[in-house]
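**Q** To be precise about what I am sending: the file is called run-v5.cif and holds mmCIF, C-alpha atoms and all ligand atoms.
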data_final
#
loop_
_atom_site.label_atom_id
_atom_site.label_comp_id
_atom_site.auth_asym_id
_atom_site.auth_seq_id
_atom_site.Cartn_x
_atom_site.Cartn_y
_atom_site.Cartn_z
CA MET M 75 31.63 -16.79 -43.50
CA PRO M 76 35.28 -15.92 -43.91
CA ALA M 77 36.70 -16.63 -47.34
CA ARG M 78 39.55 -18.44 -45.70
CA PRO M 79 40.12 -19.68 -42.17
CA ASP M 80 41.54 -17.32 -39.56
CA ARG M 81 44.86 -18.96 -38.76
CA SER M 82 45.22 -16.94 -35.56
CA SER M 83 41.95 -18.29 -34.17
CA PRO M 84 42.18 -20.22 -30.90
CA LEU M 85 40.22 -22.93 -32.74
CA GLU M 86 42.94 -23.41 -35.33
CA PRO M 87 44.71 -26.27 -33.50
CA ILE M 88 41.55 -28.39 -33.58
CA ARG M 89 40.07 -27.28 -36.90
CA ARG M 90 41.79 -30.09 -38.73
CA VAL M 91 42.35 -33.31 -36.81
CA PRO M 92 43.42 -35.75 -39.50
CA GLN M 93 42.89 -39.47 -39.26
CA ILE M 94 46.40 -40.83 -38.64
CA ARG M 95 47.23 -44.21 -40.13
CA GLN M 96 51.05 -44.15 -40.00
CA TYR M 97 52.83 -44.20 -36.67
CA ALA M 98 56.30 -44.27 -35.18
CA SER M 99 56.85 -47.28 -32.94
CA ASP M 100 57.73 -45.11 -29.90
CA PRO M 101 55.55 -46.04 -26.95
CA VAL M 102 52.97 -43.53 -25.74
CA PRO M 103 53.88 -42.53 -22.16
CA ASP M 104 51.49 -43.36 -19.32
CA GLU M 105 51.03 -39.63 -18.53
CA VAL M 106 49.73 -39.08 -22.06
CA ILE M 107 47.35 -42.02 -21.82
CA ASP M 108 46.10 -40.84 -18.42
CA GLN M 109 45.43 -37.33 -19.76
CA LEU M 110 43.49 -38.74 -22.71
CA LEU M 111 41.43 -41.01 -20.46
CA GLU M 112 40.66 -38.06 -18.19
CA LEU M 113 39.56 -36.02 -21.20
CA ALA M 114 37.39 -38.92 -22.36
CA ARG M 115 35.88 -39.34 -18.89
CA TRP M 116 34.58 -35.76 -18.98
CA THR M 117 32.80 -36.14 -22.30
CA GLY M 118 29.15 -35.16 -22.08
CA SER M 119 26.70 -38.00 -22.69
CA SER M 120 22.97 -38.50 -23.05
CA LYS M 121 21.39 -38.16 -19.57
CA ASN M 122 24.97 -38.14 -18.25
CA GLY M 123 24.84 -41.91 -18.66
CA GLN M 124 28.60 -42.21 -19.26
CA PRO M 125 27.99 -45.55 -20.96
CA TRP M 126 31.62 -46.14 -22.00
CA HIS M 127 34.42 -48.34 -20.82
CA PHE M 128 37.91 -47.98 -22.23
CA ILE M 129 40.40 -50.77 -22.87
CA VAL M 130 43.96 -49.54 -23.20
CA VAL M 131 45.85 -51.86 -25.53
CA ARG M 132 49.61 -51.71 -25.80
CA ASP M 133 50.30 -55.33 -26.68
CA HIS M 134 51.55 -55.36 -30.23
CA GLU M 135 50.27 -58.87 -30.92
CA ARG M 136 46.76 -57.95 -29.81
CA LEU M 137 46.78 -54.83 -31.97
CA ARG M 138 48.05 -56.90 -34.86
CA LYS M 139 45.17 -59.36 -34.48
CA ILE M 140 42.65 -56.52 -34.45
CA ALA M 141 44.26 -54.92 -37.49
CA ALA M 142 44.01 -58.25 -39.30
CA LEU M 143 40.20 -58.24 -38.97
CA ARG M 144 39.85 -56.42 -42.28
CA PRO M 145 42.18 -54.80 -44.83
CA ASN M 146 40.77 -51.33 -44.24
CA ILE M 147 42.32 -51.24 -40.76
CA GLY M 148 45.53 -53.13 -41.52
CA TRP M 149 47.51 -49.98 -40.78
CA ALA M 150 46.47 -50.22 -37.09
CA ALA M 151 49.02 -53.02 -36.58
CA ALA M 152 51.83 -50.45 -36.50
CA ALA M 153 50.25 -48.21 -33.87
CA PRO M 154 51.95 -48.33 -30.47
CA LEU M 155 48.64 -47.93 -28.62
CA GLY M 156 44.93 -48.40 -29.03
CA ILE M 157 42.02 -47.45 -26.84
CA ALA M 158 38.99 -49.63 -27.52
CA ILE M 159 35.66 -48.08 -26.60
CA VAL M 160 33.13 -50.47 -25.11
CA PHE M 161 29.41 -49.86 -24.69
CA PRO M 162 26.49 -51.81 -23.25
CA ALA M 163 25.06 -54.29 -25.76
CA GLY M 164 22.05 -53.00 -27.69
CA SER M 165 23.23 -49.42 -27.34
CA SER M 166 20.60 -46.77 -27.95
CA LEU M 167 20.87 -44.08 -30.57
CA GLY M 168 21.84 -41.70 -27.77
CA GLU M 169 24.74 -43.94 -26.85
CA ALA M 170 25.89 -44.12 -30.47
CA TYR M 171 25.96 -40.32 -30.38
CA ASP M 172 27.93 -40.47 -27.12
CA GLU M 173 30.43 -42.77 -28.80
CA GLY M 174 31.05 -40.23 -31.53
CA ARG M 175 31.57 -37.50 -28.98
CA VAL M 176 34.04 -39.45 -26.87
CA THR M 177 35.92 -40.61 -29.96
CA GLU M 178 36.35 -37.07 -31.21
CA ARG M 179 37.69 -36.06 -27.79
CA LEU M 180 40.36 -38.75 -28.00
CA LEU M 181 41.36 -37.68 -31.51
CA THR M 182 41.45 -34.01 -30.61
CA GLY M 183 43.21 -34.56 -27.29
CA ALA M 184 45.86 -36.68 -28.97
CA LYS M 185 46.53 -33.92 -31.46
CA LEU M 186 46.80 -31.25 -28.75
CA LEU M 187 49.36 -33.42 -26.93
CA GLY M 188 51.46 -33.76 -30.06
CA TYR M 189 50.22 -37.20 -31.10
CA GLY M 190 48.05 -38.51 -33.89
CA ALA M 191 45.04 -40.77 -33.62
CA GLY M 192 42.82 -42.79 -35.91
CA VAL M 193 39.53 -44.63 -35.88
CA ALA M 194 39.79 -48.35 -36.67
CA TRP M 195 36.28 -49.66 -37.14
CA PHE M 196 35.91 -53.41 -36.57
CA GLY M 197 33.29 -53.80 -39.27
CA GLU M 198 30.31 -56.10 -39.58
CA PRO M 199 28.88 -58.00 -36.55
CA PRO M 200 30.99 -61.18 -37.04
CA LEU M 201 34.14 -59.03 -37.03
CA GLN M 202 32.92 -57.14 -33.96
CA ALA M 203 32.43 -60.51 -32.26
CA GLU M 204 36.01 -61.48 -33.16
CA ALA M 205 37.32 -58.16 -31.85
CA LYS M 206 35.41 -58.77 -28.62
CA ARG M 207 37.05 -62.16 -28.31
CA ILE M 208 40.53 -60.68 -28.89
CA LEU M 209 39.86 -58.03 -26.25
CA GLY M 210 38.07 -60.31 -23.78
CA ILE M 211 34.95 -58.16 -23.82
CA PRO M 212 31.97 -59.79 -22.06
CA GLU M 213 28.87 -60.90 -23.96
CA ASP M 214 26.70 -58.14 -22.54
CA ARG M 215 28.98 -55.42 -23.95
CA HIS M 216 29.44 -54.07 -27.41
CA ALA M 217 32.48 -52.61 -29.19
CA ARG M 218 32.70 -51.16 -32.65
CA GLN M 219 36.14 -49.63 -32.79
CA ILE M 220 39.55 -49.01 -31.38
CA VAL M 221 41.15 -45.56 -31.48
CA THR M 222 44.84 -45.90 -32.33
CA ILE M 223 47.28 -43.34 -30.96
CA GLY M 224 50.96 -42.60 -31.48
CA ARG M 225 53.41 -40.18 -33.00
CA ALA M 226 52.36 -39.57 -36.58
CA THR M 227 54.97 -40.22 -39.24
CA SER M 228 52.63 -39.13 -42.02
CA THR M 229 49.11 -37.86 -42.49
CA LYS M 230 48.83 -39.79 -45.75
CA ASP M 231 46.47 -42.72 -46.19
CA PRO M 232 48.68 -45.74 -47.01
CA ARG M 233 45.73 -47.77 -48.35
CA PRO M 234 45.45 -48.14 -52.12
CA THR M 235 41.86 -46.88 -51.96
CA GLY M 236 40.35 -44.61 -49.38
CA PRO M 237 37.99 -41.69 -49.14
CA PRO M 238 39.09 -38.35 -50.58
CA ARG M 239 40.60 -35.85 -48.16
CA GLY M 240 39.51 -32.28 -47.64
CA ARG M 241 36.06 -30.99 -46.80
CA LYS M 242 33.05 -29.57 -48.58
CA PRO M 243 32.91 -25.78 -48.61
CA LEU M 244 30.61 -24.10 -46.09
CA SER M 245 28.58 -22.78 -49.01
CA GLU M 246 27.41 -26.37 -49.60
CA LEU M 247 26.74 -27.08 -45.96
CA VAL M 248 25.02 -24.06 -44.43
CA SER M 249 21.67 -22.26 -44.78
CA TYR M 250 20.48 -19.27 -42.82
CA GLU M 251 17.09 -18.99 -41.11
CA ARG M 252 15.55 -21.72 -43.26
CA TRP M 253 16.70 -24.45 -45.64
CA GLY M 254 18.40 -22.79 -48.58
CA GLY M 255 18.39 -19.31 -46.99
CA ALA M 256 21.25 -17.06 -48.03
CA LYS M 257 23.76 -15.56 -45.62
CA GLY M 258 22.42 -12.36 -44.16
CA SER M 259 18.80 -13.60 -44.10
CA GLY M 260 17.05 -12.55 -40.90
CA ARG M 261 19.86 -10.23 -39.85
CA PRO M 262 18.50 -7.13 -38.05
CA ARG M 263 18.68 -4.04 -40.24
C1 LIG M 301 32.53 -44.28 -37.99
C2 LIG M 301 33.89 -44.16 -38.62
C3 LIG M 301 34.51 -45.31 -39.08
C4 LIG M 301 35.77 -45.22 -39.66
N1 LIG M 301 36.38 -46.36 -40.07
C5 LIG M 301 37.62 -46.30 -40.60
C6 LIG M 301 38.29 -47.49 -40.99
O1 LIG M 301 37.79 -48.60 -40.83
N2 LIG M 301 39.51 -47.38 -41.53
C7 LIG M 301 40.11 -46.17 -41.71
O2 LIG M 301 41.24 -46.15 -42.19
N3 LIG M 301 39.49 -45.02 -41.36
C8 LIG M 301 38.27 -45.07 -40.80
N4 LIG M 301 37.64 -43.92 -40.41
C9 LIG M 301 38.30 -42.62 -40.61
C10 LIG M 301 37.69 -41.85 -41.76
O3 LIG M 301 38.07 -42.44 -42.98
C11 LIG M 301 38.18 -40.40 -41.64
O4 LIG M 301 37.59 -39.83 -40.50
C12 LIG M 301 37.84 -39.55 -42.85
O5 LIG M 301 38.34 -40.13 -44.02
C13 LIG M 301 38.37 -38.14 -42.71
O6 LIG M 301 39.76 -38.19 -42.56
P1 LIG M 301 40.66 -36.86 -42.49
O7 LIG M 301 40.15 -36.06 -41.33
O8 LIG M 301 42.05 -37.33 -42.29
O9 LIG M 301 40.46 -36.12 -43.79
C14 LIG M 301 36.40 -43.97 -39.81
C15 LIG M 301 35.77 -42.84 -39.31
C16 LIG M 301 34.54 -42.93 -38.71
C17 LIG M 301 33.89 -41.68 -38.16
#
What does the file become when written as structure tokens?
**A**
Amino acid sequence: MPARPDRSSPLEPIRRVPQIRQYASDPVPDEVIDQLLELARWTGSSKNGQPWHFIVVRDHERLRKIAALRPNIGWAAAAPLGIAIVFPAGSSLGEAYDEGRVTERLLTGAKLLGYGAGVAWFGEPPLQAEAKRILGIPEDRHARQIVTIGRATSTKDPRPTGPPRGRKPLSELVSYERWGGAKGSGRPR
């Protein structure tokens, strides 16, 4: 493992994709939205089920109502755009995995296009039901989140409390060959 990241790596632009919670009010152009939806469409999914539906939300009042669901997502009110991700009700574990994959694509794609994006999680089931009502989502569908997108004005978390930033070192996260195995284990001599 390198002691520090290789800044010339082609992976560098997507190594850190921060959760953006502070946005400029500038609208996100249609071409940007279309590119992000196309990127999302091509996400791999369990059995290629493509279980998602996307709701593009530009209406400020609707975003404000969603942001008001709980204080932890209050910042979403200032985003110029949200893409809500809708799944069939009673989604399987595979579909929950698919949701993570498609979400990460939206976050990463936004960054590569010069925008920022953030996950706004609706919360407990009663709040999900309220979000569904705000978004007109039918009974037989399920939605857990909206991904907000816009020009980032800051990468800081404006909330008084939030999770710490940064990441654990690889030394805490990786074993080789078997649990707890040191780097170099199993390497041909
Ligand atoms: C399932 C999930 C739910 C999240 N819910 C929220 C949320 O409700 N509010 C919020 O501000 N961030 C939310 N986040 C964003 C995380 O806080 C963020 O990914 C994490 O703190 C890392 O941020 P960083 O990459 O900027 O360091 C959520 C992320 C995930 C994956």
**Q** So, counting only C-alpha atoms and all ligand atoms, which residue among M:Val193, M:Ala141, M:Leu201, M:Ala150 is closest to ligand LIG 301 (chain M)?
**A**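 Nearest candidate to ligand LIG 301 (chain M) out of M:Val193, M:Ala141, M:Leu201, M:Ala150: M:Val193.
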**Q** Hey, can you check how far CA of Asp231 in chain M sits from CA of Asp100 in chain M?
**A** 19.9 Å
**Q** What does the list of residues within 7 Å of ligand LIG 301 (chain M) look like if you count all atoms listed in the file, written as JSON, numbers by chain?
**A** {"M": [90, 91, 92, 93, 94, 95, 146, 147, 192, 193, 194, 195, 196, 237, 238, 239, 240]}
**Q** Skip Gly260 in chain M itself and residues of its chain fewer than 3 positions away, then list as a VMD selection string all residues within 12 Å of it, counting all atoms listed in the file.
**A** chain M and resid 249 to 252 255 to 257 263
**Q** Calculate how many Å separate CA of Pro199 in chain M from CA of Arg132 in chain M, rounding to one decimal.
**A** 24.2 Å
**Q** Of the candidates M:Gly254, M:Gly156, M:Pro79, M:Gly148, which one gets nearest to Thr177 in chain M if we count all atoms listed in the file?
**A**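 Distance minimum relative to Thr177 in chain M lands on M:Gly156.
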**Q** Counting all atoms listed in the file, figure out which residue out of M:Leu85, M:Val176, M:Ala158, M:Ile129 gets nearest to Thr117 in chain M.
**A**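 Nearest candidate to Thr117 in chain M out of M:Leu85, M:Val176, M:Ala158, M:Ile129: M:Val176.
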**Q** Work out how far apart CA of Gln96 in chain M and CA of Thr235 in chain M are and give it in Å to one decimal.
**A**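 Separating CA of Gln96 in chain M from CA of Thr235 in chain M is a distance of 15.3 Å.
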**Q** From the set M:Lys139, M:Lys230, M:Arg225, M:Arg78, which residue has the shortest atom-to-atom contact distance to Leu186 in chain M, counting all atoms listed in the file?
**A** M:Arg225
**Q** Could you pull range 81-119 of chain M out of the structure I just pasted and write it to a file containing N, CA and C atoms, as a CSV table (one decimal), in the first residue's frame?
**A**
chain,number,residue,atom,x,y,z
M,81,ARG,N,-1.1,11.2,-6.5
M,81,ARG,CA,-2.0,12.2,-7.0
M,81,ARG,C,-2.1,12.3,-8.5
M,82,SER,N,-1.2,11.5,-9.2
M,82,SER,CA,-1.3,11.5,-10.6
M,82,SER,C,-2.1,10.4,-11.1
M,83,SER,N,-2.7,9.6,-10.2
M,83,SER,CA,-3.4,8.4,-10.6
M,83,SER,C,-4.7,8.9,-11.4
M,84,PRO,N,-5.1,8.1,-12.4
M,84,PRO,CA,-6.4,8.4,-13.0
M,84,PRO,C,-7.6,8.3,-12.1
M,85,LEU,N,-7.4,7.6,-11.0
M,85,LEU,CA,-8.5,7.5,-10.0
M,85,LEU,C,-8.6,8.7,-9.1
M,86,GLU,N,-7.6,9.6,-9.1
M,86,GLU,CA,-7.6,10.7,-8.2
M,86,GLU,C,-8.9,11.5,-8.2
M,87,PRO,N,-9.5,11.8,-9.4
M,87,PRO,CA,-10.7,12.6,-9.3
M,87,PRO,C,-11.9,12.0,-8.6
M,88,ILE,N,-11.9,10.7,-8.5
M,88,ILE,CA,-13.0,10.1,-7.8
M,88,ILE,C,-12.7,9.4,-6.4
M,89,ARG,N,-11.4,9.6,-6.0
M,89,ARG,CA,-11.0,9.1,-4.7
M,89,ARG,C,-11.8,9.7,-3.6
M,90,ARG,N,-11.9,11.0,-3.6
M,90,ARG,CA,-12.7,11.6,-2.6
M,90,ARG,C,-13.9,12.3,-3.3
M,91,VAL,N,-15.0,11.9,-2.9
M,91,VAL,CA,-16.3,12.5,-3.4
M,91,VAL,C,-17.1,12.9,-2.2
M,92,PRO,N,-16.8,14.1,-1.7
M,92,PRO,CA,-17.4,14.6,-0.5
M,92,PRO,C,-18.9,14.7,-0.6
M,93,GLN,N,-19.6,14.5,0.5
M,93,GLN,CA,-21.0,14.8,0.7
M,93,GLN,C,-21.1,16.3,0.7
M,94,ILE,N,-21.8,16.9,-0.3
M,94,ILE,CA,-22.0,18.3,-0.4
M,94,ILE,C,-23.3,18.7,0.3
M,95,ARG,N,-23.3,19.7,1.2
M,95,ARG,CA,-24.5,20.1,1.9
M,95,ARG,C,-24.7,21.6,1.8
M,96,GLN,N,-23.8,22.3,1.0
M,96,GLN,CA,-24.0,23.7,0.8
M,96,GLN,C,-23.8,24.0,-0.7
M,97,TYR,N,-24.9,24.6,-1.2
M,97,TYR,CA,-25.0,24.8,-2.7
M,97,TYR,C,-25.2,26.3,-3.1
M,98,ALA,N,-24.7,26.6,-4.3
M,98,ALA,CA,-25.1,27.9,-4.9
M,98,ALA,C,-26.6,27.7,-5.5
M,99,SER,N,-27.3,28.8,-5.6
M,99,SER,CA,-28.7,28.6,-6.1
M,99,SER,C,-28.8,28.4,-7.6
M,100,ASP,N,-27.6,28.5,-8.3
M,100,ASP,CA,-27.7,28.4,-9.8
M,100,ASP,C,-28.3,27.1,-10.2
M,101,PRO,N,-29.2,27.2,-11.2
M,101,PRO,CA,-29.9,25.9,-11.6
M,101,PRO,C,-28.9,25.0,-12.3
M,102,VAL,N,-29.2,23.7,-12.2
M,102,VAL,CA,-28.4,22.7,-12.9
M,102,VAL,C,-28.9,22.5,-14.3
M,103,PRO,N,-28.1,22.8,-15.3
M,103,PRO,CA,-28.6,22.7,-16.7
M,103,PRO,C,-29.2,21.3,-17.1
M,104,ASP,N,-30.1,21.3,-18.0
M,104,ASP,CA,-30.7,20.0,-18.4
M,104,ASP,C,-29.7,19.0,-18.9
M,105,GLU,N,-28.7,19.6,-19.7
M,105,GLU,CA,-27.7,18.7,-20.2
M,105,GLU,C,-26.9,17.9,-19.1
M,106,VAL,N,-26.7,18.6,-18.0
M,106,VAL,CA,-26.0,18.0,-16.9
M,106,VAL,C,-26.9,16.9,-16.3
M,107,ILE,N,-28.2,17.2,-16.1
M,107,ILE,CA,-29.1,16.3,-15.5
M,107,ILE,C,-29.2,15.0,-16.4
M,108,ASP,N,-29.3,15.3,-17.7
M,108,ASP,CA,-29.4,14.2,-18.7
M,108,ASP,C,-28.2,13.3,-18.6
M,109,GLN,N,-27.0,13.9,-18.5
M,109,GLN,CA,-25.8,13.0,-18.4
M,109,GLN,C,-25.8,12.2,-17.2
M,110,LEU,N,-26.3,12.8,-16.1
M,110,LEU,CA,-26.3,12.0,-14.8
M,110,LEU,C,-27.3,10.9,-14.9
M,111,LEU,N,-28.5,11.2,-15.5
M,111,LEU,CA,-29.5,10.1,-15.6
M,111,LEU,C,-29.0,9.0,-16.5
M,112,GLU,N,-28.2,9.3,-17.5
M,112,GLU,CA,-27.7,8.3,-18.4
M,112,GLU,C,-26.6,7.5,-17.7
M,113,LEU,N,-25.8,8.1,-16.9
M,113,LEU,CA,-24.8,7.4,-16.1
M,113,LEU,C,-25.6,6.5,-15.1
M,114,ALA,N,-26.6,7.0,-14.5
M,114,ALA,CA,-27.4,6.2,-13.5
M,114,ALA,C,-28.0,5.0,-14.2
M,115,ARG,N,-28.5,5.2,-15.4
M,115,ARG,CA,-29.2,4.1,-16.1
M,115,ARG,C,-28.3,3.0,-16.4
M,116,TRP,N,-27.0,3.2,-16.6
M,116,TRP,CA,-26.1,2.2,-16.9
M,116,TRP,C,-25.4,1.5,-15.7
M,117,THR,N,-25.9,1.8,-14.5
M,117,THR,CA,-25.4,1.2,-13.3
M,117,THR,C,-25.8,-0.3,-13.4
M,118,GLY,N,-24.8,-1.2,-13.0
M,118,GLY,CA,-25.1,-2.6,-12.9
M,118,GLY,C,-26.0,-2.9,-11.7
M,119,SER,N,-26.9,-3.9,-11.9
M,119,SER,CA,-27.8,-4.2,-10.8
M,119,SER,C,-28.0,-5.7,-10.7
